[in-house]
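Structure data follow from data33.cif (mmCIF, C-alpha atoms):
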```cif
data_protein
#
loop_
_atom_site.label_atom_id
_atom_site.label_comp_id
_atom_site.auth_asym_id
_atom_site.auth_seq_id
_atom_site.Cartn_x
_atom_site.Cartn_y
_atom_site.Cartn_z
CA MET A 1182 106.59 70.84 100.78
CA SER A 1183 109.16 69.96 98.08
CA GLU A 1184 106.64 70.99 95.41
CA LEU A 1185 106.16 74.32 97.15
CA LYS A 1186 109.92 74.87 97.36
CA SER A 1187 110.21 74.23 93.61
CA PHE A 1188 107.36 76.68 92.99
CA LEU A 1189 108.97 79.33 95.21
CA GLN A 1190 112.35 78.92 93.52
CA ALA A 1191 110.90 79.10 90.01
CA LYS A 1192 108.85 82.22 90.77
CA SER A 1193 111.74 83.81 92.65
CA ASN A 1194 113.99 83.34 89.61
CA ILE A 1195 111.42 84.98 87.35
CA ILE A 1196 110.98 87.94 89.70
CA GLU A 1197 114.74 88.45 90.09
CA THR A 1198 115.21 88.43 86.31
CA GLU A 1199 112.51 91.08 85.93
CA LEU A 1200 113.90 93.21 88.76
CA SER A 1201 117.33 93.12 87.12
CA LYS A 1202 115.84 94.35 83.84
CA TYR A 1203 114.29 97.35 85.57
CA LEU A 1204 117.37 98.28 87.59
CA ASN A 1205 120.04 97.78 84.93
CA THR A 1206 119.57 101.14 83.27
CA ASN A 1207 121.96 104.00 82.55
CA GLU A 1208 119.19 106.51 83.31
CA ILE A 1209 119.90 106.22 87.05
CA PRO A 1210 123.12 107.75 88.51
CA VAL A 1211 125.66 104.94 88.85
CA ILE A 1212 126.17 105.09 92.62
CA LEU A 1213 122.41 105.26 93.21
CA GLN A 1214 121.81 102.33 90.87
CA GLN A 1215 124.48 100.33 92.70
CA SER A 1216 122.96 101.12 96.09
CA MET A 1217 119.41 100.23 94.98
CA SER A 1218 120.56 97.01 93.30
CA TYR A 1219 122.70 96.02 96.29
CA SER A 1220 119.67 95.65 98.54
CA VAL A 1221 117.25 94.35 95.90
CA ASP A 1222 119.79 91.68 94.92
CA ALA A 1223 120.43 90.64 98.53
CA GLY A 1224 118.00 87.79 98.14
CA GLY A 1225 115.25 87.08 100.59
CA LYS A 1226 112.16 84.94 100.26
CA ARG A 1227 110.39 87.17 97.68
CA MET A 1228 107.24 86.23 99.58
CA ARG A 1229 105.32 89.39 98.68
CA PRO A 1230 105.71 89.28 94.89
CA ILE A 1231 105.22 85.51 94.91
CA LEU A 1232 101.90 85.98 96.71
CA ILE A 1233 100.72 88.17 93.82
CA LEU A 1234 101.66 85.56 91.22
CA ALA A 1235 100.28 82.66 93.28
CA THR A 1236 96.95 84.43 93.77
CA ILE A 1237 96.56 85.02 90.04
CA GLU A 1238 97.34 81.37 89.35
CA ALA A 1239 94.83 80.30 92.02
CA PHE A 1240 92.17 81.68 89.66
CA GLY A 1241 93.54 79.53 86.83
CA GLN A 1242 95.14 82.46 85.03
CA PRO A 1243 98.75 83.00 83.84
CA SER A 1244 100.71 85.00 86.39
CA GLU A 1245 102.78 86.98 83.88
CA LYS A 1246 100.29 89.84 83.95
CA GLY A 1247 101.22 90.41 87.61
CA LEU A 1248 104.97 90.82 87.10
CA PRO A 1249 105.06 94.66 87.03
CA VAL A 1250 103.10 94.84 90.29
CA ALA A 1251 105.17 92.01 91.79
CA CYS A 1252 108.43 93.85 91.05
CA ALA A 1253 106.96 97.10 92.32
CA VAL A 1254 105.95 95.63 95.68
CA GLU A 1255 109.38 94.02 96.12
CA MET A 1256 110.96 97.43 95.58
CA VAL A 1257 108.65 98.98 98.16
CA HIS A 1258 109.46 96.19 100.60
CA THR A 1259 113.21 96.60 99.99
CA TYR A 1260 113.02 100.36 100.52
CA SER A 1261 111.35 99.76 103.87
CA LEU A 1262 114.14 97.38 104.92
CA ILE A 1263 116.89 99.82 103.91
CA HIS A 1264 115.30 102.55 106.01
CA ASP A 1265 114.45 100.17 108.86
CA ASP A 1266 118.13 99.21 109.19
CA LEU A 1267 119.34 102.81 109.52
CA PRO A 1268 120.95 103.98 112.80
CA ALA A 1269 117.94 106.21 113.49
CA MET A 1270 115.67 103.17 113.27
CA ASP A 1271 116.82 99.62 114.19
CA ASN A 1272 120.54 100.31 113.67
CA ASP A 1273 121.28 96.90 112.14
CA ASP A 1274 124.66 95.97 110.65
CA TYR A 1275 123.51 92.93 108.66
CA ARG A 1276 120.53 92.03 106.50
CA ARG A 1277 120.21 88.64 104.79
CA GLY A 1278 123.82 87.84 105.65
CA LYS A 1279 125.21 90.99 104.02
CA LEU A 1280 126.23 94.34 105.43
CA THR A 1281 123.25 96.67 105.48
CA ASN A 1282 123.02 99.32 102.78
CA HIS A 1283 124.14 102.23 104.92
CA LYS A 1284 127.21 100.26 106.08
CA VAL A 1285 128.33 99.98 102.45
CA PHE A 1286 127.10 103.19 100.82
CA GLY A 1287 126.65 105.56 103.77
CA GLU A 1288 123.50 106.82 105.42
CA GLY A 1289 122.71 109.52 102.87
CA MET A 1290 122.90 107.19 99.88
CA ALA A 1291 120.93 104.50 101.72
CA ILE A 1292 118.10 106.98 102.34
CA LEU A 1293 118.14 108.02 98.68
CA ALA A 1294 118.22 104.39 97.52
CA GLY A 1295 115.09 103.75 99.57
CA ASP A 1296 113.46 106.88 98.16
CA GLY A 1297 114.42 105.79 94.66
CA LEU A 1298 112.96 102.30 95.04
CA LEU A 1299 109.70 103.60 96.49
CA THR A 1300 109.05 106.07 93.68
CA PHE A 1301 110.41 103.78 90.93
CA ALA A 1302 107.83 101.19 92.02
CA PHE A 1303 104.95 103.44 90.98
CA GLU A 1304 106.59 104.19 87.62
CA ILE A 1305 106.91 100.45 86.96
CA MET A 1306 103.28 99.76 87.84
CA SER A 1307 101.97 102.61 85.68
CA LYS A 1308 103.94 101.39 82.64
CA GLY A 1309 102.82 97.76 82.95
CA THR A 1310 100.72 95.90 80.37
CA TYR A 1311 97.74 94.22 81.98
CA GLU A 1312 95.85 92.35 79.29
CA GLY A 1313 92.16 91.97 80.03
CA VAL A 1314 92.27 94.11 83.19
CA PRO A 1315 90.05 97.22 83.14
CA ILE A 1316 91.73 100.56 83.83
CA GLN A 1317 89.64 100.90 87.01
CA GLY A 1318 91.31 97.75 88.32
CA ILE A 1319 94.78 99.13 87.62
CA LEU A 1320 93.94 102.41 89.34
CA GLN A 1321 92.61 100.49 92.33
CA ILE A 1322 95.87 98.53 92.62
CA VAL A 1323 97.99 101.69 92.43
CA ARG A 1324 95.80 103.38 95.03
CA GLU A 1325 95.89 100.35 97.33
CA LEU A 1326 99.69 100.11 97.23
CA ALA A 1327 99.87 103.75 98.30
CA LEU A 1328 97.31 103.02 101.04
CA TYR A 1329 98.80 99.81 102.44
CA ALA A 1330 102.42 100.99 102.21
CA GLY A 1331 101.81 104.56 103.34
CA PRO A 1332 101.03 106.46 106.56
CA LYS A 1333 97.74 104.60 107.09
CA GLY A 1334 99.51 101.28 106.58
CA MET A 1335 103.13 100.12 106.75
CA VAL A 1336 104.66 103.51 107.57
CA GLY A 1337 102.09 104.05 110.32
CA GLY A 1338 103.04 100.67 111.75
CA GLN A 1339 106.71 101.59 111.65
CA VAL A 1340 105.97 104.80 113.55
CA ALA A 1341 104.15 102.85 116.26
CA ASP A 1342 107.04 100.35 116.35
CA LEU A 1343 109.58 103.14 116.79
CA GLU A 1344 107.55 104.78 119.53
CA GLY A 1345 107.10 101.40 121.24
CA GLU A 1346 110.82 100.91 121.92
CA ASN A 1347 111.72 100.79 125.61
CA LYS A 1348 108.04 100.45 126.51
CA THR A 1349 105.88 97.55 127.57
CA LEU A 1350 103.03 97.55 125.10
CA SER A 1351 99.59 96.06 125.48
CA LEU A 1352 98.68 93.15 123.23
CA GLU A 1353 96.33 95.47 121.33
CA GLU A 1354 99.15 97.96 120.69
CA LEU A 1355 101.45 95.17 119.54
CA GLN A 1356 98.78 93.83 117.19
CA TYR A 1357 98.36 97.31 115.70
CA ILE A 1358 102.08 97.48 114.94
CA HIS A 1359 102.20 94.07 113.31
CA GLN A 1360 98.94 94.52 111.43
CA HIS A 1361 100.30 97.63 109.73
CA LYS A 1362 104.06 97.10 109.68
CA THR A 1363 103.91 93.56 108.30
CA ALA A 1364 100.42 92.32 107.42
CA ASP A 1365 99.28 95.30 105.35
CA LEU A 1366 101.78 94.77 102.53
CA LEU A 1367 100.89 91.06 102.39
CA ILE A 1368 97.20 92.01 102.21
CA PHE A 1369 97.99 94.29 99.29
CA CYS A 1370 99.76 91.47 97.45
CA VAL A 1371 96.87 89.03 97.71
CA ARG A 1372 94.32 91.71 96.85
CA ALA A 1373 96.37 92.90 93.86
CA GLY A 1374 96.61 89.36 92.49
CA ALA A 1375 92.88 88.85 93.00
CA ILE A 1376 91.98 92.15 91.31
CA LEU A 1377 94.22 91.31 88.32
CA ALA A 1378 92.49 87.92 88.11
CA GLY A 1379 89.02 89.47 88.13
CA ALA A 1380 87.90 88.25 91.57
CA SER A 1381 84.36 88.90 92.76
CA GLU A 1382 83.80 91.14 95.78
CA LYS A 1383 83.01 88.07 97.90
CA GLN A 1384 86.24 86.38 96.83
CA LEU A 1385 88.20 89.58 97.44
CA THR A 1386 86.79 89.84 100.97
CA SER A 1387 87.66 86.21 101.80
CA LEU A 1388 91.16 86.52 100.36
CA THR A 1389 91.70 89.73 102.33
CA HIS A 1390 90.90 87.80 105.53
CA TYR A 1391 93.30 85.04 104.41
CA ALA A 1392 96.05 87.63 103.91
CA GLN A 1393 95.37 89.34 107.24
CA HIS A 1394 95.86 86.07 109.06
CA ILE A 1395 99.01 85.00 107.21
CA GLY A 1396 100.40 88.49 107.79
CA MET A 1397 99.93 88.18 111.53
CA ALA A 1398 101.29 84.62 111.45
CA PHE A 1399 104.35 85.89 109.57
CA GLN A 1400 105.13 88.46 112.25
CA ILE A 1401 104.51 86.12 115.18
CA GLN A 1402 106.94 83.64 113.62
CA ASP A 1403 109.41 86.51 113.12
CA ASP A 1404 109.16 87.29 116.85
CA ILE A 1405 109.67 83.63 117.71
CA LEU A 1406 112.69 83.35 115.40
CA ASP A 1407 114.23 86.44 116.98
CA VAL A 1408 114.35 84.42 120.19
CA MET A 1409 114.92 80.88 118.96
CA GLY A 1410 116.21 81.28 115.39
CA ASP A 1411 119.52 80.18 113.90
CA GLN A 1412 121.60 83.32 113.27
CA GLU A 1413 123.41 81.73 110.32
CA LYS A 1414 120.17 80.75 108.58
CA MET A 1415 118.55 84.11 109.28
CA GLY A 1416 121.50 86.16 108.02
CA LYS A 1417 121.17 88.70 110.83
CA GLN A 1418 121.61 88.90 114.57
CA VAL A 1419 119.01 87.21 116.73
CA GLY A 1420 117.88 88.91 119.92
CA SER A 1421 117.66 92.35 118.29
CA ASP A 1422 114.14 92.91 119.66
CA GLU A 1423 115.35 92.28 123.20
CA LYS A 1424 118.36 94.53 122.63
CA LEU A 1425 116.02 97.36 121.59
CA ASN A 1426 113.69 96.52 124.49
CA LYS A 1427 110.80 95.94 122.09
CA SER A 1428 107.58 94.23 123.08
CA THR A 1429 107.03 91.00 121.12
CA TYR A 1430 104.55 88.15 121.25
CA PRO A 1431 106.95 85.91 123.23
CA SER A 1432 107.77 88.72 125.69
CA LEU A 1433 104.08 89.50 126.27
CA LEU A 1434 102.50 86.05 125.99
CA GLY A 1435 105.33 83.57 126.45
CA MET A 1436 106.59 81.13 123.83
CA GLU A 1437 103.89 78.47 124.22
CA GLU A 1438 101.00 80.93 123.88
CA SER A 1439 102.74 82.64 120.93
CA GLN A 1440 102.99 79.32 119.11
CA ARG A 1441 99.32 78.58 119.86
CA LEU A 1442 98.31 81.98 118.47
CA LEU A 1443 100.46 81.35 115.39
CA GLU A 1444 98.60 78.09 114.72
CA GLU A 1445 95.26 79.85 115.27
CA HIS A 1446 96.07 82.45 112.60
CA VAL A 1447 97.16 79.77 110.14
CA GLN A 1448 93.91 77.84 110.67
CA SER A 1449 91.87 81.03 110.24
CA ALA A 1450 93.77 81.78 107.02
CA LEU A 1451 93.01 78.31 105.65
CA GLN A 1452 89.32 78.71 106.54
CA ALA A 1453 89.13 82.07 104.75
CA LEU A 1454 90.90 80.57 101.73
CA ALA A 1455 88.35 77.75 101.57
CA GLU A 1456 85.53 80.33 101.63
CA ALA A 1457 87.10 82.21 98.69
CA GLY A 1458 86.27 79.33 96.36
CA VAL A 1459 89.17 79.86 93.96
CA ALA A 1460 89.95 77.35 91.22
CA ASP A 1461 93.14 76.03 92.83
CA SER A 1462 93.96 77.00 96.40
CA GLY A 1463 96.80 74.48 96.87
CA VAL A 1464 99.76 76.84 96.67
CA LEU A 1465 98.13 79.54 98.83
CA ALA A 1466 97.31 76.92 101.47
CA SER A 1467 100.89 75.62 101.38
CA LEU A 1468 102.21 79.17 101.72
CA ALA A 1469 100.25 79.60 104.95
CA ARG A 1470 101.93 76.53 106.39
CA PHE A 1471 105.32 77.58 105.02
CA ILE A 1472 105.07 80.90 106.85
CA GLN A 1473 104.47 79.01 110.09
CA GLN A 1474 107.31 76.53 109.58
CA ARG A 1475 110.01 78.79 108.09
CA ASP A 1476 113.34 79.06 109.89
CA HIS A 1477 114.53 82.39 108.44
#
```

Write-out of the structure in structure tokens:
Amino acid sequence: MSELKSFLQAKSNIIETELSKYLNTNEIPVILQQSMSYSVDAGGKRMRPILILATIEAFGQPSEKGLPVACAVEMVHTYSLIHDDLPAMDNDDYRRGKLTNHKVFGEGMAILAGDGLLTFAFEIMSKGTYEGVPIQGILQIVRELALYAGPKGMVGGQVADLEGENKTLSLEELQYIHQHKTADLLIFCVRAGAILAGASEKQLTSLTHYAQHIGMAFQIQDDILDVMGDQEKMGKQVGSDEKLNKSTYPSLLGMEESQRLLEEHVQSALQALAEAGVADSGVLASLARFIQQRDH
């Protein structure tokens, strides 16, 4: 696990340097640039962009070609968090141990910062240099980010999550929310890395299944941490799901069954990864376990 932590830190540093280059520009109004940077610079695991880079490297290729897409997806993820924290949504005061964007810059600017990050992401991707990648592959990645992050994907999941407050959902309804709200963006990341690396259709299918399972595992662990997590490590209040009367895996299945289901998804992810037959699956396998064992 120490090797994985070193890998995560090294890749996180690279991604943060690149993000800073994109955001430190005088072409964006100062207050908007400050608001966008505030949330992007708040830290976090950088799991989504790292998955892109790790997938490329799993094929034995240098991950630098994935940096524009990696930065773009982190901006899309950050926009979703800014909007998710708003009073009209989850009404959170803290994110990653810092005041949420709207608490610092106001609701209007927080909304615009999210809008700015979402649209800036597509500009960054379209200006990237992707040596050896056919234009059809680049277009597919752009299209898939719009698909997995949009109304058929993450945004659709957020809608279902919002409508599910103060209701007892079925397990199927809860799975729909988590599949789209959380797993879809992780699926995009693995698929984008595979497409940039020239994966075959069979490999792409297997890696998509891997990503689906780690995405569900990620959300189940999130639900567990919201009950049992350390507030200081998480950088936000625990128990927010209960406060909003949201259905979660522990509330529907109990803690023991939730942990069993978490392990089941991790094992399924590892099986799908083995079937992908990539050159070096070590980091992707370790990431599946890391998602299960994380404490924030």

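If all atoms listed in the file are the atoms counted, then among A:Leu1343, A:Val1314, A:Leu1248, A:Ile1209 the closest residue to Asn1426 (chain A) is A:Leu1343.
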
Which residue is closest to Ile1305 (chain A)? Choose from A:Glu1382, A:Asp1266, A:Glu1199, A:Glu1354 and count all atoms listed in the file.
A:Glu1199

Just how far from CA of Gln1440 (chain A) is CA of Ala1364 (chain A), in Å to one decimal?
17.7 Å

Point-to-point distance from CA of Ser1218 (chain A) to CA of Gly1338 (chain A), Å rounded to tenths:
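Computing it gives 25.7 Å between the two atoms.
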
When the PyMOL selection byres ((chain A and resi 1184) around 12) is applied to the file above, which residues end up in the set, as a ChimeraX atom specification?
/A:1182-1183,1185-1191,1463-1464,1467-1468,1471

When distances are computed from all atoms listed in the file, which of A:Asn1207, A:Gln1242, A:Thr1259, A:Gln1474 shows the smallest separation from Val1221 (chain A)?
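With all atoms listed in the file as the atom set, the closest residue is A:Thr1259.
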
Just want the 12 Å neighbourhood of Pro1210 (chain A), counted on all atoms listed in the file, with same-chain residues fewer than 4 positions away dropped. Output as an NGL selection string.
:A and (1204-1206 or 1214-1217 or 1290 or 1293-1294 or 1297)

Hey, what comes out of the PyMOL selection byres ((chain A and resi 1371-1377) around 8) on this file? Could you write it as a PyMOL selection string?
chain A and resi 1232-1237+1240+1246-1247+1250+1311+1314+1318-1319+1322+1367-1370+1378-1380+1385+1388-1389+1392

A:Glu1438, A:Phe1399, A:Ser1220, A:Asp1404 ranked by distance to Gln1473 (chain A), top pick (using all atoms listed in the file)
A:Phe1399

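CA of Asp1342 (chain A) is positioned 20.6 Å from CA of Ala1291 (chain A).
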
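The closest residue to Ile1212 (chain A), picked from A:Leu1434, A:Met1256, A:Ser1439, A:Gly1289 and counting all atoms listed in the file, is A:Gly1289.
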
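With distances taken over all atoms listed in the file, A:Ile1263 is the one residue among A:Ile1263, A:Met1335, A:Ile1195, A:Leu1443 lying closest to Tyr1219 (chain A).
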
Could you state which residues are captured by the PyMOL selection byres ((chain A and resi 1448) around 10) in this file, as an mmCIF file with C-alpha atoms, keeping the file's coordinate frame?
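Dumped everything to part30.cif:
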```cif
data_model
loop_
_atom_site.group_PDB
_atom_site.id
_atom_site.type_symbol
_atom_site.label_atom_id
_atom_site.label_comp_id
_atom_site.auth_asym_id
_atom_site.auth_seq_id
_atom_site.Cartn_x
_atom_site.Cartn_y
_atom_site.Cartn_z
ATOM 1 C CA TYR A 1391 93.300 85.040 104.410
ATOM 2 C CA HIS A 1394 95.860 86.070 109.060
ATOM 3 C CA ILE A 1395 99.010 85.000 107.210
ATOM 4 C CA LEU A 1442 98.310 81.980 118.470
ATOM 5 C CA LEU A 1443 100.460 81.350 115.390
ATOM 6 C CA GLU A 1444 98.600 78.090 114.720
ATOM 7 C CA GLU A 1445 95.260 79.850 115.270
ATOM 8 C CA HIS A 1446 96.070 82.450 112.600
ATOM 9 C CA VAL A 1447 97.160 79.770 110.140
ATOM 10 C CA SER A 1449 91.870 81.030 110.240
ATOM 11 C CA ALA A 1450 93.770 81.780 107.020
ATOM 12 C CA LEU A 1451 93.010 78.310 105.650
ATOM 13 C CA GLN A 1452 89.320 78.710 106.540
ATOM 14 C CA ALA A 1453 89.130 82.070 104.750
ATOM 15 C CA LEU A 1454 90.900 80.570 101.730
ATOM 16 C CA ALA A 1466 97.310 76.920 101.470
ATOM 17 C CA ALA A 1469 100.250 79.600 104.950
ATOM 18 C CA ARG A 1470 101.930 76.530 106.390
#
```

Listed atoms of region 1321-1334 of chain A boxed axis-aligned with 8 Å per side, centre + edges as lines of an AutoDock Vina configuration file:
```
center_x = 97.5
center_y = 102.5
center_z = 99.7
size_x = 25.8
size_y = 23.9
size_z = 30.8
```
